[in-house]
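To be precise, the following lines are run_37.cif, and they hold mmCIF, C-alpha atoms and all ligand atoms.
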```cif
data_data
#
loop_
_atom_site.label_atom_id
_atom_site.label_comp_id
_atom_site.auth_asym_id
_atom_site.auth_seq_id
_atom_site.Cartn_x
_atom_site.Cartn_y
_atom_site.Cartn_z
CA MET A 1 0.00 0.00 0.00
CA THR A 2 1.27 3.48 -0.84
CA THR A 3 1.38 6.10 1.88
CA LEU A 4 -0.28 9.17 0.43
CA VAL A 5 -0.62 11.35 3.51
CA SER A 6 2.05 11.45 6.16
CA LEU A 7 2.22 13.53 9.33
CA ASN A 8 5.47 13.35 11.19
CA THR A 9 5.66 14.65 14.81
CA VAL A 10 3.35 17.56 14.08
CA CYS A 11 2.95 20.05 16.92
CA LYS A 12 0.64 23.04 17.27
CA SER A 13 -0.51 25.17 20.20
CA PHE A 14 -2.72 28.19 20.50
CA GLY A 15 -1.32 29.93 23.55
CA GLY A 16 -1.71 27.35 26.31
CA ILE A 17 -4.01 25.08 24.28
CA VAL A 18 -2.14 22.19 22.70
CA VAL A 19 -4.11 20.97 19.66
CA ALA A 20 -1.41 18.71 18.19
CA ASP A 21 1.19 17.10 20.40
CA HIS A 22 3.76 15.22 18.30
CA ILE A 23 1.15 13.74 15.96
CA SER A 24 2.38 11.11 13.53
CA ILE A 25 -0.11 9.46 11.19
CA ASP A 26 0.20 7.74 7.81
CA ILE A 27 -2.82 7.28 5.56
CA HIS A 28 -2.56 4.91 2.63
CA GLY A 29 -4.20 5.14 -0.75
CA GLY A 30 -7.57 3.36 -0.56
CA GLU A 31 -7.76 3.74 3.21
CA ILE A 32 -10.60 5.41 5.11
CA LEU A 33 -9.19 6.44 8.47
CA GLY A 34 -11.59 7.53 11.20
CA LEU A 35 -10.50 10.32 13.52
CA ILE A 36 -12.49 10.11 16.71
CA GLY A 37 -12.35 11.63 20.15
CA PRO A 38 -14.21 14.00 22.46
CA ASN A 39 -15.05 17.63 21.68
CA GLY A 40 -11.97 19.80 21.66
CA ALA A 41 -9.60 16.85 21.08
CA GLY A 42 -7.91 18.60 18.15
CA LYS A 43 -9.50 16.68 15.25
CA THR A 44 -10.57 19.67 13.16
CA SER A 45 -7.31 21.41 14.05
CA LEU A 46 -5.45 18.52 12.44
CA PHE A 47 -7.43 19.08 9.23
CA ASN A 48 -6.65 22.80 9.48
CA LEU A 49 -2.95 22.01 9.74
CA ILE A 50 -2.99 19.60 6.79
CA SER A 51 -5.01 21.93 4.58
CA GLY A 52 -2.89 24.93 5.58
CA LEU A 53 -5.43 27.09 7.39
CA TYR A 54 -2.82 27.31 10.16
CA PRO A 55 0.93 26.65 9.98
CA VAL A 56 2.39 23.88 12.14
CA ASP A 57 4.69 24.93 14.99
CA SER A 58 6.96 22.00 14.14
CA GLY A 59 6.88 18.67 12.31
CA THR A 60 6.25 17.86 8.68
CA ILE A 61 3.29 16.93 6.52
CA THR A 62 3.61 15.34 3.08
CA VAL A 63 1.02 14.40 0.48
CA ALA A 64 2.05 11.91 -2.19
CA GLY A 65 5.62 12.45 -1.05
CA LYS A 66 5.53 16.24 -1.48
CA PRO A 67 6.16 18.38 1.61
CA LEU A 68 3.42 20.91 2.37
CA ASP A 69 5.45 22.90 4.88
CA GLY A 70 4.99 26.63 4.53
CA LEU A 71 2.58 26.38 1.60
CA PRO A 72 -0.64 28.40 1.61
CA MET A 73 -4.00 26.66 1.31
CA TYR A 74 -4.40 27.15 -2.43
CA GLN A 75 -1.04 25.55 -3.18
CA ARG A 76 -1.86 22.59 -0.96
CA ALA A 77 -5.15 22.25 -2.84
CA ARG A 78 -3.15 22.18 -6.07
CA LEU A 79 -1.06 19.36 -4.64
CA GLY A 80 -4.24 17.37 -4.08
CA VAL A 81 -5.41 18.25 -0.56
CA ALA A 82 -9.20 18.47 -0.59
CA ARG A 83 -11.44 18.92 2.41
CA THR A 84 -14.96 19.55 3.56
CA TRP A 85 -15.88 21.84 6.45
CA GLN A 86 -17.92 21.17 9.53
CA HIS A 87 -20.01 24.26 8.75
CA MET A 88 -20.01 23.66 4.98
CA ARG A 89 -19.05 27.20 3.92
CA LEU A 90 -21.28 27.13 0.85
CA PHE A 91 -22.01 30.38 -0.98
CA ALA A 92 -25.65 30.99 -0.09
CA SER A 93 -26.48 33.22 -3.07
CA MET A 94 -25.05 30.81 -5.65
CA THR A 95 -26.48 27.72 -7.31
CA VAL A 96 -25.42 24.16 -6.52
CA LEU A 97 -23.39 23.97 -9.74
CA GLU A 98 -21.72 27.34 -9.14
CA ASN A 99 -20.74 26.24 -5.63
CA ILE A 100 -19.05 23.16 -7.05
CA LEU A 101 -17.34 25.02 -9.88
CA VAL A 102 -15.38 27.19 -7.44
CA ALA A 103 -13.22 24.24 -6.43
CA PRO A 104 -11.25 22.59 -9.23
CA ARG A 105 -7.55 22.19 -8.64
CA ASP A 106 -6.65 24.54 -11.49
CA TYR A 107 -8.76 27.25 -13.02
CA PRO A 108 -8.57 27.80 -16.73
CA GLY A 109 -7.97 31.44 -17.60
CA GLU A 110 -6.24 32.48 -14.41
CA LYS A 111 -3.67 34.47 -16.33
CA ILE A 112 -4.56 37.54 -18.33
CA SER A 113 -2.38 36.34 -21.25
CA GLN A 114 -4.42 33.12 -21.43
CA ILE A 115 -7.67 35.06 -21.45
CA ILE A 116 -6.48 37.19 -24.39
CA PHE A 117 -4.69 34.60 -26.49
CA ARG A 118 -6.20 31.25 -25.59
CA THR A 119 -9.93 31.87 -25.35
CA LYS A 120 -10.79 28.63 -27.16
CA GLN A 121 -8.75 26.45 -24.80
CA ILE A 122 -10.23 28.25 -21.80
CA ASN A 123 -13.76 27.70 -23.07
CA SER A 124 -13.18 24.00 -23.62
CA ALA A 125 -11.47 23.63 -20.21
CA GLU A 126 -14.45 25.35 -18.58
CA GLN A 127 -16.79 23.06 -20.48
CA ALA A 128 -14.84 20.03 -19.21
CA LEU A 129 -15.07 21.31 -15.61
CA CYS A 130 -18.80 21.78 -16.00
CA GLU A 131 -19.16 18.21 -17.29
CA ARG A 132 -17.06 16.93 -14.40
CA ALA A 133 -19.22 18.81 -11.88
CA MET A 134 -22.38 17.42 -13.47
CA SER A 135 -21.01 13.88 -13.42
CA ILE A 136 -20.30 14.20 -9.67
CA LEU A 137 -23.85 15.49 -9.15
CA HIS A 138 -25.11 12.58 -11.24
CA ARG A 139 -23.34 10.11 -8.93
CA MET A 140 -25.16 11.81 -6.04
CA ASN A 141 -28.54 11.84 -7.80
CA LEU A 142 -28.51 15.62 -7.59
CA THR A 143 -28.53 16.68 -11.26
CA SER A 144 -32.12 17.90 -10.95
CA ILE A 145 -31.05 20.55 -8.43
CA ALA A 146 -27.86 21.66 -10.23
CA HIS A 147 -29.36 25.06 -11.00
CA SER A 148 -31.22 25.52 -7.72
CA ASN A 149 -30.00 28.07 -5.26
CA VAL A 150 -28.01 26.23 -2.62
CA SER A 151 -30.05 27.83 0.17
CA ASP A 152 -33.25 26.30 -1.29
CA ILE A 153 -32.12 22.65 -0.98
CA SER A 154 -32.27 20.34 2.05
CA PHE A 155 -29.52 20.20 4.69
CA GLY A 156 -28.50 16.68 3.61
CA GLN A 157 -28.23 17.85 -0.01
CA GLN A 158 -26.11 20.80 1.11
CA LYS A 159 -23.75 18.40 2.86
CA LEU A 160 -23.46 16.41 -0.38
CA VAL A 161 -22.73 19.62 -2.30
CA GLY A 162 -19.89 20.27 0.19
CA LEU A 163 -18.52 16.82 -0.63
CA ALA A 164 -19.02 17.35 -4.37
CA ARG A 165 -17.01 20.55 -4.13
CA ALA A 166 -14.14 18.68 -2.46
CA LEU A 167 -14.29 15.99 -5.15
CA MET A 168 -13.71 18.60 -7.85
CA ASN A 169 -10.11 18.71 -6.60
CA ASP A 170 -9.60 15.10 -7.71
CA GLY A 171 -6.63 14.88 -5.31
CA ASP A 172 -4.93 12.11 -3.36
CA CYS A 173 -6.02 13.39 0.05
CA LEU A 174 -9.64 13.82 1.08
CA LEU A 175 -10.44 15.19 4.55
CA LEU A 176 -14.07 14.97 5.64
CA ASP A 177 -15.06 16.99 8.68
CA GLU A 178 -18.26 15.62 10.23
CA PRO A 179 -19.86 14.74 6.88
CA MET A 180 -22.81 13.01 8.56
CA ALA A 181 -23.75 15.61 11.19
CA GLY A 182 -27.47 16.26 10.70
CA VAL A 183 -27.66 14.01 7.62
CA GLU A 184 -30.22 11.22 7.31
CA GLY A 185 -32.19 9.15 4.79
CA ASN A 186 -31.09 9.11 1.15
CA ALA A 187 -28.33 11.67 1.68
CA TYR A 188 -26.82 9.45 4.40
CA GLU A 189 -26.71 6.41 2.12
CA THR A 190 -25.36 8.46 -0.80
CA MET A 191 -22.63 9.91 1.39
CA LYS A 192 -21.53 6.41 2.42
CA THR A 193 -21.53 5.13 -1.16
CA ILE A 194 -19.53 8.05 -2.50
CA VAL A 195 -16.92 7.91 0.26
CA ARG A 196 -16.47 4.17 -0.39
CA GLU A 197 -16.14 4.78 -4.14
CA GLU A 198 -13.54 7.48 -3.59
CA ALA A 199 -11.47 5.15 -1.42
CA ALA A 200 -11.79 2.41 -4.03
CA ALA A 201 -10.43 4.93 -6.56
CA GLY A 202 -7.26 5.04 -4.44
CA ARG A 203 -7.62 8.23 -2.42
CA ALA A 204 -6.40 8.48 1.17
CA ILE A 205 -9.45 9.54 3.17
CA CYS A 206 -9.66 10.76 6.74
CA VAL A 207 -13.07 11.24 8.39
CA VAL A 208 -13.77 13.18 11.57
CA GLU A 209 -17.16 12.03 12.75
CA HIS A 210 -19.10 11.66 15.98
CA ASN A 211 -21.53 9.24 14.31
CA VAL A 212 -19.91 6.04 15.52
CA SER A 213 -21.97 3.71 13.33
CA PHE A 214 -20.88 5.63 10.22
CA ILE A 215 -17.26 5.26 11.32
CA LYS A 216 -17.79 1.55 12.09
CA ASP A 217 -19.40 0.97 8.70
CA LEU A 218 -16.84 2.81 6.67
CA CYS A 219 -13.42 2.96 8.24
CA ASN A 220 -10.63 0.43 7.89
CA SER A 221 -9.08 1.77 11.07
CA ALA A 222 -9.33 4.72 13.43
CA VAL A 223 -7.26 7.00 15.54
CA PHE A 224 -8.46 8.13 18.96
CA MET A 225 -7.44 11.66 19.89
CA ALA A 226 -7.80 13.60 23.13
CA ARG A 227 -6.21 16.89 24.20
CA GLY A 228 -4.09 17.06 21.04
CA CYS A 229 -2.60 13.58 21.50
CA ILE A 230 -3.14 10.28 19.74
CA LEU A 231 -4.07 7.85 22.49
CA GLU A 232 -4.50 4.80 20.29
CA ARG A 233 -4.85 3.53 16.72
CA GLY A 234 -6.71 0.37 15.77
CA SER A 235 -10.05 -0.92 14.56
CA VAL A 236 -13.05 1.19 15.59
CA GLN A 237 -14.40 -1.82 17.43
CA THR A 238 -11.20 -2.19 19.43
CA LEU A 239 -10.97 1.51 20.26
CA LEU A 240 -14.55 1.74 21.46
CA SER A 241 -14.34 -1.46 23.45
CA SER A 242 -11.58 0.13 25.53
CA LYS A 243 -13.25 1.35 28.72
CA THR A 244 -10.72 4.15 29.20
CA LEU A 245 -11.31 5.54 25.71
CA ALA A 246 -15.08 5.09 25.87
CA ASP A 247 -15.12 6.93 29.21
CA LEU A 248 -13.10 9.76 27.70
CA TYR A 249 -15.33 9.89 24.62
CA PHE A 250 -18.76 9.53 26.12
CA GLY A 251 -17.90 10.96 29.53
CA THR A 252 -19.51 7.95 31.22
N1 LIG B 1 -7.61 29.26 16.01
C1 LIG B 1 -7.70 28.86 17.28
N2 LIG B 1 -7.35 29.67 18.29
C2 LIG B 1 -7.45 29.27 19.57
N3 LIG B 1 -7.90 28.06 19.96
C3 LIG B 1 -8.29 27.21 18.99
C4 LIG B 1 -8.21 27.55 17.60
N4 LIG B 1 -8.67 26.50 16.88
C5 LIG B 1 -9.00 25.55 17.78
N5 LIG B 1 -8.79 25.98 19.02
C6 LIG B 1 -9.01 25.21 20.26
O1 LIG B 1 -8.36 23.98 20.13
C7 LIG B 1 -9.09 22.93 20.74
C8 LIG B 1 -9.34 21.83 19.74
O2 LIG B 1 -10.32 22.28 18.80
P1 LIG B 1 -10.79 21.39 17.57
O3 LIG B 1 -11.85 22.16 16.87
O4 LIG B 1 -9.63 20.95 16.80
O5 LIG B 1 -11.42 20.14 18.32
P2 LIG B 1 -12.28 18.94 17.73
O6 LIG B 1 -11.68 17.68 18.23
O7 LIG B 1 -12.45 19.08 16.28
O8 LIG B 1 -13.68 19.18 18.48
P3 LIG B 1 -15.19 18.94 17.96
O9 LIG B 1 -15.41 17.46 17.94
O10 LIG B 1 -16.01 19.63 19.00
O11 LIG B 1 -15.34 19.59 16.60
C9 LIG B 1 -10.37 23.57 21.29
O12 LIG B 1 -10.17 23.85 22.65
C10 LIG B 1 -10.49 24.85 20.47
O13 LIG B 1 -11.18 25.84 21.18
#
```
Would you mind writing the structure in this file as structure tokens?
Ligand SMILES: Nc1ncnc2c1ncn2[C@@H]1O[C@H](COP(=O)(O)OP(=O)(O)OP(=O)(O)O)[C@@H](O)[C@H]1O
Amino acid sequence: MTTLVSLNTVCKSFGGIVVADHISIDIHGGEILGLIGPNGAGKTSLFNLISGLYPVDSGTITVAGKPLDGLPMYQRARLGVARTWQHMRLFASMTVLENILVAPRDYPGEKISQIIFRTKQINSAEQALCERAMSILHRMNLTSIAHSNVSDISFGQQKLVGLARALMNDGDCLLLDEPMAGVEGNAYETMKTIVREEAAAGRAICVVEHNVSFIKDLCNSAVFMARGCILERGSVQTLLSSKTLADLYFGT
């Protein structure tokens, strides 16, 4: 198995709050790794460090062998780091399709010289992006709402749009931050299917999720975090059958 995402002794503190304390994790292509732990454990912070929202204090992160150190978010996205957000961050006044089209890895026509001299290529690249976005929506059974305003669709559909936007990156690393929170019914099943398909396509996927049955269903293994530390890595079943970890997680 190829290691696609690698964190090596990553540390990060905000003042006195330690969110990452010498974190080392490898995620292989095709793997779905669950990241579980109580509120405030540092799970989302880890995603923020990988995606470049915050710089690490020390340690290294590589994706497909390329170091991300010091790179801003957009350059990490270009290297194949894609993520969803706990609070979706969709553009409320835009359509579903427009929300997805903001997120390819490269935009055609970013340079003024291309816009002037290569209009045809830009048009066909934009057409290809549009087709790609529609094919992702098709996989999610959402083509009928492609032109709906994103604020007019259901919460579960909005969560899927957040995932669709991340999939536009087509990268090696997919970070899913609480994809199932508030999602039920068809959207829940679709989310599971798509995440499985993306792993089967060889991506390294990490899921932060409090929905334990989703994690049990989907993840090959899981990491248990608390107070910025990894306490244990193993199967979800094993982690949750540990009384110490269950006590920490559920506060029982
Ligand atoms: N930018 C920041 N500045 C200061 N403190 C922060 C910052 N980001 C996160 N924290 C703190 O770091 C700790 C870990 O937060 P984080 O969101 O990573 O936890 P989490 O495990 O994802 O929790 P939850 O399951 O509730 O989403 C929390 O105490 C949080 O308040």
Enumerate residues in contact with ligand LIG 1 (chain B): an atom-to-atom distance of at most 6 Å, counting all atoms listed in the file. Format the result as a list in words.
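Going residue by residue within 6 Å of ligand LIG 1 (chain B), we get Phe14, Val19, Pro38, Asn39, Gly40, Ala41, Gly42, Lys43, Thr44 and Ser45 of chain A.
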Range 150-167 of chain A: which residues within 9 Å, counting only C-alpha atoms, same-chain residues fewer than 3 positions away excluded, as a ChimeraX atom specification?
/A:81-85,88-97,99-104,133,136-137,140,142,145-147,170-171,174-176,179-188,190-191,198
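Between CA of Gln237 in chain A and CA of Arg203 in chain A the separation is 23.3 Å.
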Write out as JSON, numbers by chain the residues lying within 8 Å of Leu218 in chain A, counting all atoms listed in the file and excluding same-chain residues fewer than 6 positions away.
{"A": [32, 192, 196]}
Atomic distance CA of Ala199 in chain A - CA of His28 in chain A, expressed in Å with one decimal
9.8 Å
Nearest to Tyr74 in chain A by atom-to-atom distance, counting all atoms listed in the file, from A:Gly228, A:Asn169, A:Thr62, A:Arg233
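Under the stated criterion, the closest residue is A:Asn169.
Closest to Gln86 in chain A among A:Glu178, A:Gly16, A:Leu239, A:Leu7 is A:Glu178, based on all atoms listed in the file.
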From the block I gave, I'd like range 58-157 of chain A written with C-alpha atoms, as a compact mmCIF listing (two decimals), in the first residue's frame.
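What landed in part_35.txt:
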```
# COMPACT_ATOMS: atom_id res chain seq x y z
CA SER A 58 6.96 22.00 14.14
CA GLY A 59 6.88 18.67 12.31
CA THR A 60 6.25 17.86 8.68
CA ILE A 61 3.29 16.93 6.52
CA THR A 62 3.61 15.34 3.08
CA VAL A 63 1.02 14.40 0.48
CA ALA A 64 2.05 11.91 -2.19
CA GLY A 65 5.62 12.45 -1.05
CA LYS A 66 5.53 16.24 -1.48
CA PRO A 67 6.16 18.38 1.61
CA LEU A 68 3.42 20.91 2.37
CA ASP A 69 5.45 22.90 4.88
CA GLY A 70 4.99 26.63 4.53
CA LEU A 71 2.58 26.38 1.60
CA PRO A 72 -0.64 28.40 1.61
CA MET A 73 -4.00 26.66 1.31
CA TYR A 74 -4.40 27.15 -2.43
CA GLN A 75 -1.04 25.55 -3.18
CA ARG A 76 -1.86 22.59 -0.96
CA ALA A 77 -5.15 22.25 -2.84
CA ARG A 78 -3.15 22.18 -6.07
CA LEU A 79 -1.06 19.36 -4.64
CA GLY A 80 -4.24 17.37 -4.08
CA VAL A 81 -5.41 18.25 -0.56
CA ALA A 82 -9.20 18.47 -0.59
CA ARG A 83 -11.44 18.92 2.41
CA THR A 84 -14.96 19.55 3.56
CA TRP A 85 -15.88 21.84 6.45
CA GLN A 86 -17.92 21.17 9.53
CA HIS A 87 -20.01 24.26 8.75
CA MET A 88 -20.01 23.66 4.98
CA ARG A 89 -19.05 27.20 3.92
CA LEU A 90 -21.28 27.13 0.85
CA PHE A 91 -22.01 30.38 -0.98
CA ALA A 92 -25.65 30.99 -0.09
CA SER A 93 -26.48 33.22 -3.07
CA MET A 94 -25.05 30.81 -5.65
CA THR A 95 -26.48 27.72 -7.31
CA VAL A 96 -25.42 24.16 -6.52
CA LEU A 97 -23.39 23.97 -9.74
CA GLU A 98 -21.72 27.34 -9.14
CA ASN A 99 -20.74 26.24 -5.63
CA ILE A 100 -19.05 23.16 -7.05
CA LEU A 101 -17.34 25.02 -9.88
CA VAL A 102 -15.38 27.19 -7.44
CA ALA A 103 -13.22 24.24 -6.43
CA PRO A 104 -11.25 22.59 -9.23
CA ARG A 105 -7.55 22.19 -8.64
CA ASP A 106 -6.65 24.54 -11.49
CA TYR A 107 -8.76 27.25 -13.02
CA PRO A 108 -8.57 27.80 -16.73
CA GLY A 109 -7.97 31.44 -17.60
CA GLU A 110 -6.24 32.48 -14.41
CA LYS A 111 -3.67 34.47 -16.33
CA ILE A 112 -4.56 37.54 -18.33
CA SER A 113 -2.38 36.34 -21.25
CA GLN A 114 -4.42 33.12 -21.43
CA ILE A 115 -7.67 35.06 -21.45
CA ILE A 116 -6.48 37.19 -24.39
CA PHE A 117 -4.69 34.60 -26.49
CA ARG A 118 -6.20 31.25 -25.59
CA THR A 119 -9.93 31.87 -25.35
CA LYS A 120 -10.79 28.63 -27.16
CA GLN A 121 -8.75 26.45 -24.80
CA ILE A 122 -10.23 28.25 -21.80
CA ASN A 123 -13.76 27.70 -23.07
CA SER A 124 -13.18 24.00 -23.62
CA ALA A 125 -11.47 23.63 -20.21
CA GLU A 126 -14.45 25.35 -18.58
CA GLN A 127 -16.79 23.06 -20.48
CA ALA A 128 -14.84 20.03 -19.21
CA LEU A 129 -15.07 21.31 -15.61
CA CYS A 130 -18.80 21.78 -16.00
CA GLU A 131 -19.16 18.21 -17.29
CA ARG A 132 -17.06 16.93 -14.40
CA ALA A 133 -19.22 18.81 -11.88
CA MET A 134 -22.38 17.42 -13.47
CA SER A 135 -21.01 13.88 -13.42
CA ILE A 136 -20.30 14.20 -9.67
CA LEU A 137 -23.85 15.49 -9.15
CA HIS A 138 -25.11 12.58 -11.24
CA ARG A 139 -23.34 10.11 -8.93
CA MET A 140 -25.16 11.81 -6.04
CA ASN A 141 -28.54 11.84 -7.80
CA LEU A 142 -28.51 15.62 -7.59
CA THR A 143 -28.53 16.68 -11.26
CA SER A 144 -32.12 17.90 -10.95
CA ILE A 145 -31.05 20.55 -8.43
CA ALA A 146 -27.86 21.66 -10.23
CA HIS A 147 -29.36 25.06 -11.00
CA SER A 148 -31.22 25.52 -7.72
CA ASN A 149 -30.00 28.07 -5.26
CA VAL A 150 -28.01 26.23 -2.62
CA SER A 151 -30.05 27.83 0.17
CA ASP A 152 -33.25 26.30 -1.29
CA ILE A 153 -32.12 22.65 -0.98
CA SER A 154 -32.27 20.34 2.05
CA PHE A 155 -29.52 20.20 4.69
CA GLY A 156 -28.50 16.68 3.61
CA GLN A 157 -28.23 17.85 -0.01
```
